[in-house]
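Trainee: As input, take model.tsv (TSV, C-alpha atoms and all ligand atoms):
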chain	number	residue	atom	x	y	z
D	1	MET	CA	11.05	28.32	12.18
D	2	ASP	CA	12.37	30.55	9.39
D	3	SER	CA	11.39	28.72	6.23
D	4	HIS	CA	14.96	29.09	4.96
D	5	SER	CA	16.63	27.38	7.93
D	6	ASN	CA	18.27	24.11	7.08
D	7	VAL	CA	16.33	20.93	7.65
D	8	LEU	CA	18.38	17.78	8.12
D	9	ILE	CA	16.88	14.48	6.99
D	10	THR	CA	18.82	11.38	7.97
D	11	GLY	CA	17.91	8.45	5.76
D	12	GLY	CA	17.15	11.10	3.12
D	13	ALA	CA	17.98	8.76	0.20
D	14	GLY	CA	15.60	6.08	1.46
D	15	PHE	CA	11.99	5.38	0.60
D	16	ILE	CA	10.17	7.75	2.98
D	17	GLY	CA	13.19	10.09	3.32
D	18	SER	CA	13.38	10.82	-0.43
D	19	HIS	CA	9.68	11.76	-0.52
D	20	LEU	CA	10.21	13.98	2.52
D	21	CYS	CA	13.18	15.71	0.79
D	22	GLU	CA	10.97	16.42	-2.22
D	23	PHE	CA	8.11	17.69	-0.05
D	24	LEU	CA	10.30	20.05	2.02
D	25	LEU	CA	12.16	21.39	-1.03
D	26	GLY	CA	8.72	22.11	-2.52
D	27	LYS	CA	7.96	24.21	0.57
D	28	GLY	CA	11.14	26.26	0.02
D	29	HIS	CA	13.28	24.70	2.75
D	30	LYS	CA	17.00	24.08	2.46
D	31	VAL	CA	17.49	20.38	2.95
D	32	ILE	CA	20.55	18.40	3.97
D	33	ALA	CA	20.06	14.71	3.24
D	34	VAL	CA	22.37	12.41	5.18
D	35	ASP	CA	22.53	8.74	4.23
D	36	ASN	CA	25.00	5.84	4.25
D	37	LEU	CA	23.18	4.30	1.24
D	38	PHE	CA	22.78	0.93	2.97
D	39	THR	CA	19.17	0.44	1.86
D	40	GLY	CA	18.68	3.82	0.20
D	41	SER	CA	19.99	4.98	-3.15
D	42	LYS	CA	21.04	8.26	-4.76
D	43	GLU	CA	18.71	7.20	-7.59
D	44	ASN	CA	15.80	8.08	-5.24
D	45	ILE	CA	16.88	11.74	-5.08
D	46	LYS	CA	18.53	12.01	-8.50
D	47	HIS	CA	15.75	14.29	-9.77
D	48	LEU	CA	16.34	16.64	-6.81
D	49	LEU	CA	20.14	16.89	-6.84
D	50	ALA	CA	20.20	19.82	-9.29
D	51	ASN	CA	18.19	21.86	-6.77
D	52	PRO	CA	20.64	24.24	-5.03
D	53	ASN	CA	18.57	23.91	-1.84
D	54	LEU	CA	19.51	20.22	-1.49
D	55	ARG	CA	22.84	19.00	-0.21
D	56	PHE	CA	23.59	15.29	0.00
D	57	VAL	CA	26.04	14.16	2.67
D	58	PRO	CA	27.19	10.52	2.59
D	59	HIS	CA	27.50	9.60	6.26
D	60	ASP	CA	26.68	6.87	8.77
D	61	ILE	CA	24.87	8.28	11.82
D	62	ILE	CA	26.61	5.72	14.01
D	63	ASP	CA	29.54	8.18	13.71
D	64	PRO	CA	29.22	11.75	15.01
D	65	LEU	CA	28.18	14.27	12.35
D	66	TYR	CA	29.85	17.67	12.12
D	67	LEU	CA	28.13	20.21	9.88
D	68	HIS	CA	29.42	23.61	8.71
D	69	GLU	CA	25.94	25.10	8.74
D	70	GLY	CA	23.28	25.28	11.43
D	71	VAL	CA	20.12	23.22	11.33
D	72	GLY	CA	16.69	24.18	12.66
D	73	GLN	CA	14.96	20.83	12.36
D	74	ILE	CA	16.13	17.22	12.16
D	75	TYR	CA	14.04	14.32	10.87
D	76	ASN	CA	15.86	11.18	12.04
D	77	LEU	CA	14.84	8.42	9.62
D	78	ALA	CA	18.20	6.64	9.24
D	79	CYS	CA	17.67	2.97	10.02
D	80	PRO	CA	17.01	-0.03	7.80
D	81	ALA	CA	13.25	-0.62	7.99
D	82	ALA	CA	12.60	-3.98	6.32
D	83	PRO	CA	13.10	-7.18	8.35
D	84	VAL	CA	15.60	-8.77	5.90
D	85	HIS	CA	17.74	-5.65	5.96
D	86	TYR	CA	17.55	-4.82	9.67
D	87	GLN	CA	18.33	-8.46	10.50
D	88	PHE	CA	21.25	-8.60	8.01
D	89	ASN	CA	23.52	-6.92	10.57
D	90	ALA	CA	21.46	-6.79	13.76
D	91	ILE	CA	24.23	-5.15	15.78
D	92	ARG	CA	24.53	-2.28	13.31
D	93	THR	CA	20.75	-1.84	13.51
D	94	ILE	CA	20.96	-1.52	17.29
D	95	LYS	CA	23.87	0.90	16.90
D	96	ALA	CA	21.83	3.09	14.51
D	97	ASN	CA	18.99	3.19	17.04
D	98	THR	CA	21.21	3.95	20.04
D	99	MET	CA	24.57	5.50	19.08
D	100	GLY	CA	23.03	7.00	15.94
D	101	VAL	CA	20.12	8.51	17.85
D	102	ILE	CA	22.48	9.86	20.55
D	103	ASN	CA	24.59	11.49	17.81
D	104	MET	CA	21.53	13.13	16.27
D	105	LEU	CA	20.24	14.25	19.67
D	106	GLY	CA	23.67	15.74	20.36
D	107	LEU	CA	23.46	17.62	17.07
D	108	ALA	CA	19.96	18.84	17.97
D	109	LYS	CA	21.18	20.02	21.38
D	110	LEU	CA	24.15	21.88	19.86
D	111	ASN	CA	21.97	23.57	17.24
D	112	LYS	CA	18.96	24.10	19.55
D	113	ALA	CA	17.10	22.26	16.79
D	114	ARG	CA	13.85	20.34	17.02
D	115	ILE	CA	14.27	16.64	16.30
D	116	LEU	CA	11.67	14.16	15.08
D	117	GLN	CA	12.36	10.46	15.55
D	118	ALA	CA	10.90	7.95	13.11
D	119	SER	CA	9.62	5.38	15.59
D	120	THR	CA	7.45	2.49	14.55
D	121	SER	CA	4.35	0.42	15.24
D	122	GLU	CA	6.90	-2.36	15.92
D	123	ILE	CA	7.36	-0.92	19.39
D	124	TYR	CA	3.93	-2.48	20.15
D	125	GLY	CA	5.40	-5.89	19.21
D	126	ASP	CA	2.77	-8.60	18.76
D	127	PRO	CA	0.03	-6.39	20.23
D	128	LEU	CA	-2.48	-7.61	22.80
D	129	GLU	CA	-4.52	-4.40	22.39
D	130	HIS	CA	-6.32	-3.78	19.10
D	131	PRO	CA	-6.30	-1.26	17.51
D	132	GLN	CA	-3.16	0.16	19.10
D	133	LYS	CA	-3.34	3.46	20.99
D	134	GLU	CA	-0.24	5.43	22.02
D	135	THR	CA	-0.94	4.50	25.66
D	136	TYR	CA	-0.42	0.79	24.93
D	137	LYS	CA	2.99	-0.31	26.26
D	138	GLY	CA	3.50	-3.20	23.86
D	139	ASN	CA	4.32	-6.89	23.83
D	140	VAL	CA	7.87	-7.22	22.52
D	141	ASN	CA	10.23	-10.21	22.67
D	142	PRO	CA	13.52	-8.66	23.85
D	143	ILE	CA	15.66	-11.58	22.66
D	144	GLY	CA	13.99	-12.38	19.34
D	145	ILE	CA	15.17	-11.73	15.78
D	146	ARG	CA	13.08	-8.55	15.49
D	147	ALA	CA	14.41	-7.11	18.77
D	148	CYS	CA	17.37	-5.30	17.17
D	149	TYR	CA	14.74	-3.17	15.45
D	150	ASP	CA	11.77	-3.03	17.82
D	151	GLU	CA	13.72	-2.86	21.09
D	152	GLY	CA	16.16	-0.54	19.29
D	153	LYS	CA	13.32	1.81	18.43
D	154	ARG	CA	12.00	1.60	21.99
D	155	VAL	CA	15.39	2.71	23.34
D	156	ALA	CA	15.42	5.46	20.70
D	157	GLU	CA	12.10	6.75	22.11
D	158	THR	CA	13.56	6.58	25.64
D	159	LEU	CA	16.62	8.56	24.54
D	160	MET	CA	14.40	11.21	22.96
D	161	PHE	CA	12.43	11.72	26.17
D	162	ASP	CA	15.55	11.67	28.39
D	163	TYR	CA	17.27	14.31	26.21
D	164	HIS	CA	14.08	16.34	26.47
D	165	ARG	CA	13.89	16.02	30.28
D	166	GLN	CA	17.62	16.41	30.92
D	167	HIS	CA	18.70	18.84	28.17
D	168	SER	CA	15.40	20.46	27.11
D	169	VAL	CA	15.83	19.25	23.52
D	170	GLU	CA	12.60	19.82	21.58
D	171	ILE	CA	11.43	16.40	20.46
D	172	ARG	CA	8.74	14.84	18.26
D	173	VAL	CA	8.12	11.09	18.15
D	174	ALA	CA	6.16	9.56	15.25
D	175	ARG	CA	5.06	5.93	15.51
D	176	ILE	CA	4.93	5.05	11.85
D	177	PHE	CA	2.74	2.13	10.73
D	178	ASN	CA	3.35	0.13	7.51
D	179	THR	CA	3.92	2.60	4.68
D	180	TYR	CA	4.15	1.86	0.96
D	181	GLY	CA	4.51	3.66	-2.35
D	182	PRO	CA	6.94	4.39	-5.18
D	183	ARG	CA	10.68	4.12	-4.37
D	184	ILE	CA	10.45	1.14	-2.06
D	185	ALA	CA	13.58	-0.72	-3.15
D	186	GLN	CA	13.04	-3.75	-5.40
D	187	ASN	CA	15.03	-5.91	-2.97
D	188	ASP	CA	13.29	-4.41	0.09
D	189	GLY	CA	11.55	-7.66	0.99
D	190	ARG	CA	8.46	-6.10	2.56
D	191	VAL	CA	5.07	-7.38	1.61
D	192	VAL	CA	3.72	-4.74	-0.80
D	193	SER	CA	6.84	-4.55	-2.99
D	194	ASN	CA	7.33	-8.34	-2.93
D	195	PHE	CA	3.74	-9.04	-3.99
D	196	ILE	CA	3.68	-6.35	-6.71
D	197	LEU	CA	6.98	-7.52	-8.23
D	198	GLN	CA	5.90	-11.17	-8.06
D	199	ALA	CA	2.53	-10.35	-9.65
D	200	ILE	CA	4.04	-8.29	-12.50
D	201	ARG	CA	6.62	-11.00	-13.23
D	202	GLY	CA	4.03	-13.80	-13.03
D	203	GLU	CA	5.96	-15.46	-10.21
D	204	PRO	CA	4.27	-17.15	-7.23
D	205	ILE	CA	3.02	-14.76	-4.53
D	206	THR	CA	4.83	-15.77	-1.33
D	207	ILE	CA	2.54	-15.64	1.71
D	208	TYR	CA	4.29	-16.27	5.01
D	209	GLY	CA	2.10	-18.28	7.39
D	210	ASP	CA	-1.62	-18.65	6.68
D	211	GLY	CA	-2.00	-15.06	5.45
D	212	LEU	CA	-4.65	-14.29	8.08
D	213	GLN	CA	-2.30	-11.91	9.90
D	214	THR	CA	-3.25	-8.27	9.32
D	215	ARG	CA	-1.53	-4.99	8.57
D	216	SER	CA	-2.82	-1.47	7.81
D	217	PHE	CA	-1.08	0.27	4.91
D	218	CYS	CA	-0.51	4.01	4.57
D	219	TYR	CA	0.44	5.68	1.28
D	220	VAL	CA	3.73	7.56	1.42
D	221	SER	CA	2.37	11.04	0.57
D	222	ASP	CA	0.00	10.81	3.55
D	223	MET	CA	2.88	9.72	5.78
D	224	VAL	CA	5.11	12.61	4.68
D	225	GLU	CA	2.32	15.09	5.39
D	226	GLY	CA	1.80	13.54	8.82
D	227	LEU	CA	5.50	13.75	9.67
D	228	TYR	CA	5.58	17.40	8.56
D	229	LYS	CA	2.48	18.27	10.59
D	230	LEU	CA	3.86	16.56	13.68
D	231	MET	CA	7.23	18.30	13.34
D	232	ASN	CA	5.51	21.69	13.14
D	233	SER	CA	2.93	21.02	15.88
D	234	ASN	CA	3.11	21.65	19.61
D	235	THR	CA	2.89	17.94	20.40
D	236	ALA	CA	5.96	15.93	21.39
D	237	GLY	CA	4.08	12.67	20.93
D	238	PRO	CA	4.41	9.80	20.60
D	239	VAL	CA	1.77	10.02	17.88
D	240	ASN	CA	0.61	7.11	15.72
D	241	LEU	CA	0.77	7.84	11.99
D	242	GLY	CA	-0.80	5.26	9.73
D	243	ASN	CA	-3.88	4.31	7.76
D	244	PRO	CA	-6.44	2.47	9.93
D	245	THR	CA	-7.80	0.42	6.99
D	246	GLU	CA	-6.87	-3.10	8.13
D	247	LEU	CA	-6.43	-5.98	5.73
D	248	SER	CA	-5.25	-9.58	5.96
D	249	ILE	CA	-2.11	-10.48	4.03
D	250	ILE	CA	-4.08	-12.91	1.87
D	251	ASP	CA	-6.51	-10.12	0.97
D	252	ILE	CA	-3.67	-7.81	-0.03
D	253	ALA	CA	-2.28	-10.62	-2.21
D	254	ARG	CA	-5.67	-11.04	-3.92
D	255	LYS	CA	-6.04	-7.29	-4.40
D	256	ILE	CA	-2.59	-6.96	-6.00
D	257	ILE	CA	-3.24	-9.97	-8.28
D	258	SER	CA	-6.47	-8.34	-9.42
D	259	LEU	CA	-5.02	-4.83	-9.91
D	260	THR	CA	-2.14	-6.22	-12.00
D	261	ASN	CA	-4.33	-8.74	-13.93
D	262	SER	CA	-1.71	-11.29	-12.94
D	263	GLN	CA	-1.77	-15.06	-13.50
D	264	SER	CA	0.39	-15.57	-10.37
D	265	LYS	CA	-0.56	-18.34	-7.96
D	266	ILE	CA	-0.40	-17.93	-4.20
D	267	ILE	CA	2.07	-20.15	-2.30
D	268	PHE	CA	2.42	-20.48	1.45
D	269	MET	CA	5.80	-20.34	3.21
D	270	PRO	CA	6.84	-20.54	6.88
D	271	LEU	CA	5.93	-17.56	9.05
D	272	PRO	CA	9.06	-15.80	10.40
D	273	ALA	CA	9.51	-15.80	14.20
D	274	ASP	CA	7.73	-13.06	16.20
D	275	ASP	CA	5.72	-11.88	13.17
D	276	PRO	CA	2.92	-9.74	14.69
D	277	TYR	CA	-0.56	-11.25	14.19
D	278	LYS	CA	-2.55	-8.01	14.05
D	279	ARG	CA	-1.78	-4.39	13.51
D	280	LYS	CA	-4.00	-1.33	13.14
D	281	PRO	CA	-3.37	2.20	14.36
D	282	ASP	CA	-5.78	4.20	16.46
D	283	ILE	CA	-5.19	7.65	14.97
D	284	THR	CA	-7.52	9.66	17.21
D	285	LEU	CA	-4.56	11.58	18.65
D	286	ALA	CA	-3.16	12.52	15.21
D	287	LYS	CA	-6.63	13.72	14.15
D	288	GLU	CA	-7.06	15.81	17.30
D	289	LYS	CA	-3.55	17.24	17.69
D	290	LEU	CA	-2.40	17.50	14.07
D	291	GLY	CA	-5.65	17.67	12.12
D	292	TRP	CA	-4.19	14.80	10.08
D	293	GLU	CA	-5.67	11.70	8.60
D	294	PRO	CA	-4.77	9.72	5.47
D	295	LYS	CA	-6.42	10.76	2.21
D	296	VAL	CA	-5.19	8.15	-0.29
D	297	ASP	CA	-7.21	4.92	-0.35
D	298	LEU	CA	-5.50	1.58	-0.84
D	299	ASP	CA	-6.60	1.00	-4.45
D	300	THR	CA	-5.34	4.43	-5.57
D	301	GLY	CA	-2.05	4.04	-3.72
D	302	LEU	CA	-1.47	0.51	-4.95
D	303	LYS	CA	-2.15	1.54	-8.58
D	304	GLN	CA	0.50	4.27	-8.31
D	305	THR	CA	2.97	1.84	-6.76
D	306	ILE	CA	2.26	-0.78	-9.42
D	307	ASP	CA	2.86	1.85	-12.17
D	308	TYR	CA	6.16	2.76	-10.54
D	309	PHE	CA	7.39	-0.85	-10.43
D	310	LYS	CA	6.24	-1.49	-14.02
D	311	LYS	CA	8.30	1.50	-15.20
D	312	GLN	CA	11.28	0.33	-13.13
D	313	LEU	CA	11.17	-3.13	-14.69
D	314	GLU	CA	10.81	-1.66	-18.23
D	315	GLN	CA	14.01	0.36	-17.69
D	316	LYS	CA	16.01	-2.81	-17.04
K	1	LIG	P1	14.52	2.72	3.96
K	1	LIG	O1	15.36	1.54	4.29
K	1	LIG	O2	14.16	2.96	2.54
K	1	LIG	O3	15.21	4.05	4.47
K	1	LIG	C1	16.18	4.12	5.49
K	1	LIG	C2	17.32	4.98	4.99
K	1	LIG	O4	18.27	5.13	6.03
K	1	LIG	C3	18.05	4.35	3.81
K	1	LIG	O5	18.29	5.34	2.81
K	1	LIG	C4	19.36	3.85	4.41
K	1	LIG	O6	20.42	3.81	3.48
K	1	LIG	C5	19.57	4.86	5.52
K	1	LIG	N1	20.37	4.37	6.65
K	1	LIG	C6	20.23	3.18	7.30
K	1	LIG	N2	21.12	3.11	8.32
K	1	LIG	C7	21.82	4.28	8.30
K	1	LIG	C8	22.86	4.81	9.09
K	1	LIG	N3	23.37	4.13	10.12
K	1	LIG	N4	23.35	6.05	8.79
K	1	LIG	C9	22.85	6.75	7.74
K	1	LIG	N5	21.86	6.30	6.96
K	1	LIG	C10	21.35	5.09	7.24
K	1	LIG	O7	13.24	2.63	4.88
K	1	LIG	P2	11.98	3.58	5.04
K	1	LIG	O8	10.80	2.72	4.88
K	1	LIG	O9	12.10	4.81	4.22
K	1	LIG	O10	12.09	3.95	6.57
K	1	LIG	C11	12.51	5.22	7.03
K	1	LIG	C12	12.33	5.31	8.54
K	1	LIG	O11	10.96	5.14	8.88
K	1	LIG	C13	13.11	4.23	9.31
K	1	LIG	O12	13.65	4.81	10.48
K	1	LIG	C14	12.05	3.21	9.66
K	1	LIG	O13	12.39	2.53	10.83
K	1	LIG	C15	10.83	4.09	9.83
K	1	LIG	N6	9.60	3.32	9.59
K	1	LIG	C16	9.24	2.95	8.34
K	1	LIG	C17	8.08	2.20	8.15
K	1	LIG	C18	7.62	1.77	6.79
K	1	LIG	O14	6.62	1.03	6.70
K	1	LIG	N7	8.21	2.20	5.71
K	1	LIG	C19	7.31	1.81	9.26
K	1	LIG	C20	7.74	2.20	10.52
K	1	LIG	C21	8.87	2.95	10.68
K	2	LIG	N1	4.89	-11.18	4.24
K	2	LIG	C1	4.47	-12.18	3.36
K	2	LIG	N2	5.15	-12.37	2.20
K	2	LIG	C2	6.21	-11.59	1.84
K	2	LIG	C3	6.63	-10.56	2.72
K	2	LIG	C4	5.95	-10.39	3.92
K	2	LIG	O1	3.49	-12.90	3.65
K	2	LIG	O2	6.77	-11.83	0.75
K	2	LIG	C5	4.13	-10.98	5.49
K	2	LIG	C6	4.98	-10.92	6.75
K	2	LIG	O3	5.21	-12.21	7.28
K	2	LIG	C7	4.11	-10.07	7.64
K	2	LIG	C8	3.41	-9.11	6.68
K	2	LIG	O4	3.50	-9.72	5.39
K	2	LIG	O5	3.13	-10.86	8.28
K	2	LIG	C9	4.05	-7.72	6.61
K	2	LIG	O6	5.45	-7.93	6.44
K	2	LIG	P1	6.45	-6.73	6.17
K	2	LIG	O7	7.82	-7.32	6.17
K	2	LIG	O8	6.01	-5.98	4.97
K	2	LIG	O9	6.25	-5.74	7.39
K	2	LIG	P2	6.19	-5.93	8.99
K	2	LIG	O10	6.10	-7.40	9.33
K	2	LIG	O11	7.45	-5.32	9.47
K	2	LIG	O12	4.98	-5.21	9.37
Please re-express this file's structure in structure tokens.
Mentor:
Amino acid sequence: MDSHSNVLITGGAGFIGSHLCEFLLGKGHKVIAVDNLFTGSKENIKHLLANPNLRFVPHDIIDPLYLHEGVGQIYNLACPAAPVHYQFNAIRTIKANTMGVINMLGLAKLNKARILQASTSEIYGDPLEHPQKETYKGNVNPIGIRACYDEGKRVAETLMFDYHRQHSVEIRVARIFNTYGPRIAQNDGRVVSNFILQAIRGEPITIYGDGLQTRSFCYVSDMVEGLYKLMNSNTAGPVNLGNPTELSIIDIARKIISLTNSQSKIIFMPLPADDPYKRKPDITLAKEKLGWEPKVDLDTGLKQTIDYFKKQLEQK
């Protein structure tokens, strides 16, 4: 692709999307960031708005998007990602993952653009295979409270492959595992931001369940590089992108307490329904096909995230 072609990022004012905007602008691309600002914020891209290569378009992808200019690549990230937010209006979440994805695929078809879908490790549900490989078909509850998101993302993957088969749209599917870093919203509700904010404020650290459930956390700069490499590779995917270092939730709580020198106590709260018990990506495919693997270890990434939240709280 001509480096000056427009790149569209939906969800461009969100956590991962804002880092991707910054990364692509740094590579000399013209970026159009589309966002309805449901969970994202213009604050996340404020430092980029003076750049003439960035255009921000307030828009909900559930509605068709008409652009004056052509686009060469589309990163489709628009969808609330944290359980509290995607469950807030479950039907809108399903619409973003179906109608929204159809709209973006239509735009890709019209522009002969390549489109990358931000899929998720959630499509594996509460996995019976560990670690999860791309060949694993998943264990998802289709009628549970997480289904608007995980079944939604499964349909989104189906739509991508059907548009590819039926309309020859060039597709890329990234299965993103838990990602953290600066610019996660303070009210996001996911584990890393909750624990860091609680630890800095000296509030109790809220562990859901017994804390023995695991996750594997990837720092946002590694994720952005992985998304970029996948987009510009010859592989449609799906490809797992994540950091295979697996940790129990209680261990992440202890680590954050120690890195923040916090006096916070740990408290235990009920485990939400359908909360996956284990999660760890097998990233062999990403290593082979993209030459990608995460570089930022958990301590380094957490320290940077803690610094970010400390500065945020000082500004208030
Ligand atoms: P986020 O909530 O910060 O970002 C999502 C962005 O999309 C927000 O700016 C939000 O305002 C916007 N948005 C939501 N619905 C929209 C709509 N209908 N139209 C236009 N904009 C809309 O979350 P994030 O963590 O940056 O996630 C980005 C993408 O990556 C999501 O698609 C998410 O499902 C996927 N993902 C993230 C993770 C993670 O751990 N962060 C893991 C797996 C998948
Ligand atoms: N979790 C927790 N306390 C919190 C927030 C989350 O114990 O304040 C747990 C949650 O139940 C889950 C894990 O941490 O087992 C990761 O949750 P998150 O919402 O960050 O991501 P996801 O479940 O979507 O992977």
Trainee: Tell me which protein, DNA and RNA residues are within 12 Å of Thr300 (chain D), counting all atoms listed in the file, leaving out same-chain ones fewer than 6 positions away, and put them as a list in words.
Mentor: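 Skipping anything fewer than 6 positions along the chain leaves Tyr180, Gly181, Cys218, Tyr219, Val220, Ser221, Lys255, Ile256, Leu259, Ile306 and Asp307 of chain D.
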Trainee: Between D:Leu49, D:Ile143, D:Met223, D:Ile16, which is the closest to ligand LIG 1 (chain K) once you count all atoms listed in the file?
Mentor: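 Among D:Leu49, D:Ile143, D:Met223, D:Ile16, it is D:Ile16 that comes nearest to ligand LIG 1 (chain K).
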Trainee: Using only C-alpha atoms and all ligand atoms, find each residue with an atom at most 7 Å away from ligand LIG 1 (chain K) and format the answer as JSON, numbers by chain.
Mentor: {"D": [10, 11, 12, 13, 14, 15, 16, 17, 34, 35, 36, 37, 38, 39, 40, 41, 59, 60, 61, 62, 76, 77, 78, 79, 80, 81, 82, 96, 100, 118, 119, 120, 121, 175, 176, 177, 178, 179, 180, 184, 185]}
Trainee: Which value, in Å to one decimal, gives the distance between CA of Thr93 (chain D) and CA of Phe56 (chain D)?
Mentor: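 It comes out at 22.0 Å.
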Trainee: For Leu67 (chain D), list every protein, DNA or RNA residue within 10 Å, evaluated using only C-alpha atoms, and leave out those in the same chain fewer than 4 positions away; present the list as a list of chain:residue names.
Mentor: D:Ile32, D:Val57, D:Val71, D:Leu107
Trainee: Just to confirm, what's the straight-line distance from CA of Lys109 (chain D) to CA of Asn89 (chain D) in Å (one decimal)?
Mentor: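 So the answer is 29.1 Å.
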Trainee: Could you list, with a cut-off of 10 Å and counting all atoms listed in the file, the residues of chain D near ligand LIG 2 (chain K), each shown with its nearest atom pair and the distance in Å rounded to one decimal, rows sorted by chain and ascending number, as JSON lines?
Mentor:
{"residue": "D:Ala81", "atom": "CA", "partner": "K:LIG2", "partner_atom": "O11", "distance": 7.6}
{"residue": "D:Ala82", "atom": "CA", "partner": "K:LIG2", "partner_atom": "O7", "distance": 5.8}
{"residue": "D:Pro83", "atom": "CA", "partner": "K:LIG2", "partner_atom": "O7", "distance": 5.7}
{"residue": "D:Val84", "atom": "CA", "partner": "K:LIG2", "partner_atom": "O7", "distance": 7.9}
{"residue": "D:Thr120", "atom": "CA", "partner": "K:LIG2", "partner_atom": "O11", "distance": 9.3}
{"residue": "D:Ser121", "atom": "CA", "partner": "K:LIG2", "partner_atom": "O12", "distance": 8.2}
{"residue": "D:Glu122", "atom": "CA", "partner": "K:LIG2", "partner_atom": "O11", "distance": 7.1}
{"residue": "D:Gly125", "atom": "CA", "partner": "K:LIG2", "partner_atom": "O12", "distance": 9.9}
{"residue": "D:Arg146", "atom": "CA", "partner": "K:LIG2", "partner_atom": "O11", "distance": 8.9}
{"residue": "D:Tyr149", "atom": "CA", "partner": "K:LIG2", "partner_atom": "O11", "distance": 9.7}
{"residue": "D:Asp150", "atom": "CA", "partner": "K:LIG2", "partner_atom": "O11", "distance": 9.7}
{"residue": "D:Phe177", "atom": "CA", "partner": "K:LIG2", "partner_atom": "O12", "distance": 7.8}
{"residue": "D:Asn178", "atom": "CA", "partner": "K:LIG2", "partner_atom": "O12", "distance": 5.9}
{"residue": "D:Thr179", "atom": "CA", "partner": "K:LIG2", "partner_atom": "O8", "distance": 8.8}
{"residue": "D:Tyr180", "atom": "CA", "partner": "K:LIG2", "partner_atom": "O8", "distance": 9.0}
{"residue": "D:Asp188", "atom": "CA", "partner": "K:LIG2", "partner_atom": "O7", "distance": 8.7}
{"residue": "D:Gly189", "atom": "CA", "partner": "K:LIG2", "partner_atom": "C3", "distance": 6.0}
{"residue": "D:Arg190", "atom": "CA", "partner": "K:LIG2", "partner_atom": "O8", "distance": 3.4}
{"residue": "D:Val191", "atom": "CA", "partner": "K:LIG2", "partner_atom": "C3", "distance": 3.7}
{"residue": "D:Val192", "atom": "CA", "partner": "K:LIG2", "partner_atom": "O8", "distance": 6.3}
{"residue": "D:Ser193", "atom": "CA", "partner": "K:LIG2", "partner_atom": "O8", "distance": 8.1}
{"residue": "D:Asn194", "atom": "CA", "partner": "K:LIG2", "partner_atom": "O2", "distance": 5.1}
{"residue": "D:Phe195", "atom": "CA", "partner": "K:LIG2", "partner_atom": "O2", "distance": 6.3}
{"residue": "D:Ile196", "atom": "CA", "partner": "K:LIG2", "partner_atom": "O2", "distance": 9.8}
{"residue": "D:Leu197", "atom": "CA", "partner": "K:LIG2", "partner_atom": "O2", "distance": 10.0}
{"residue": "D:Gln198", "atom": "CA", "partner": "K:LIG2", "partner_atom": "O2", "distance": 8.9}
{"residue": "D:Pro204", "atom": "CA", "partner": "K:LIG2", "partner_atom": "O2", "distance": 9.9}
{"residue": "D:Ile205", "atom": "CA", "partner": "K:LIG2", "partner_atom": "O2", "distance": 7.1}
{"residue": "D:Thr206", "atom": "CA", "partner": "K:LIG2", "partner_atom": "O2", "distance": 4.9}
{"residue": "D:Ile207", "atom": "CA", "partner": "K:LIG2", "partner_atom": "O1", "distance": 3.5}
{"residue": "D:Tyr208", "atom": "CA", "partner": "K:LIG2", "partner_atom": "O1", "distance": 3.7}
{"residue": "D:Gly209", "atom": "CA", "partner": "K:LIG2", "partner_atom": "O1", "distance": 6.7}
{"residue": "D:Asp210", "atom": "CA", "partner": "K:LIG2", "partner_atom": "O1", "distance": 8.3}
{"residue": "D:Gly211", "atom": "CA", "partner": "K:LIG2", "partner_atom": "O1", "distance": 6.2}
{"residue": "D:Leu212", "atom": "CA", "partner": "K:LIG2", "partner_atom": "O5", "distance": 8.5}
{"residue": "D:Gln213", "atom": "CA", "partner": "K:LIG2", "partner_atom": "O5", "distance": 5.8}
{"residue": "D:Thr214", "atom": "CA", "partner": "K:LIG2", "partner_atom": "O5", "distance": 7.0}
{"residue": "D:Arg215", "atom": "CA", "partner": "K:LIG2", "partner_atom": "C9", "distance": 6.5}
{"residue": "D:Ser216", "atom": "CA", "partner": "K:LIG2", "partner_atom": "O12", "distance": 8.8}
{"residue": "D:Phe217", "atom": "CA", "partner": "K:LIG2", "partner_atom": "O12", "distance": 9.3}
{"residue": "D:Ser248", "atom": "CA", "partner": "K:LIG2", "partner_atom": "C8", "distance": 8.7}
{"residue": "D:Ile249", "atom": "CA", "partner": "K:LIG2", "partner_atom": "O4", "distance": 5.8}
{"residue": "D:Ile250", "atom": "CA", "partner": "K:LIG2", "partner_atom": "O1", "distance": 7.8}
{"residue": "D:Ile252", "atom": "CA", "partner": "K:LIG2", "partner_atom": "O4", "distance": 9.2}
{"residue": "D:Ala253", "atom": "CA", "partner": "K:LIG2", "partner_atom": "O1", "distance": 8.5}
{"residue": "D:Ile267", "atom": "CA", "partner": "K:LIG2", "partner_atom": "O1", "distance": 9.5}
{"residue": "D:Phe268", "atom": "CA", "partner": "K:LIG2", "partner_atom": "O1", "distance": 8.0}
{"residue": "D:Met269", "atom": "CA", "partner": "K:LIG2", "partner_atom": "O1", "distance": 7.8}
{"residue": "D:Pro270", "atom": "CA", "partner": "K:LIG2", "partner_atom": "O3", "distance": 8.5}
{"residue": "D:Leu271", "atom": "CA", "partner": "K:LIG2", "partner_atom": "O3", "distance": 5.7}
{"residue": "D:Pro272", "atom": "CA", "partner": "K:LIG2", "partner_atom": "O3", "distance": 6.1}
{"residue": "D:Ala273", "atom": "CA", "partner": "K:LIG2", "partner_atom": "O3", "distance": 8.9}
{"residue": "D:Asp274", "atom": "CA", "partner": "K:LIG2", "partner_atom": "O10", "distance": 9.0}
{"residue": "D:Asp275", "atom": "CA", "partner": "K:LIG2", "partner_atom": "O5", "distance": 5.6}
{"residue": "D:Pro276", "atom": "CA", "partner": "K:LIG2", "partner_atom": "O5", "distance": 6.5}
{"residue": "D:Tyr277", "atom": "CA", "partner": "K:LIG2", "partner_atom": "O5", "distance": 7.0}
{"residue": "D:Lys278", "atom": "CA", "partner": "K:LIG2", "partner_atom": "O5", "distance": 8.6}
{"residue": "D:Arg279", "atom": "CA", "partner": "K:LIG2", "partner_atom": "O12", "distance": 8.0}
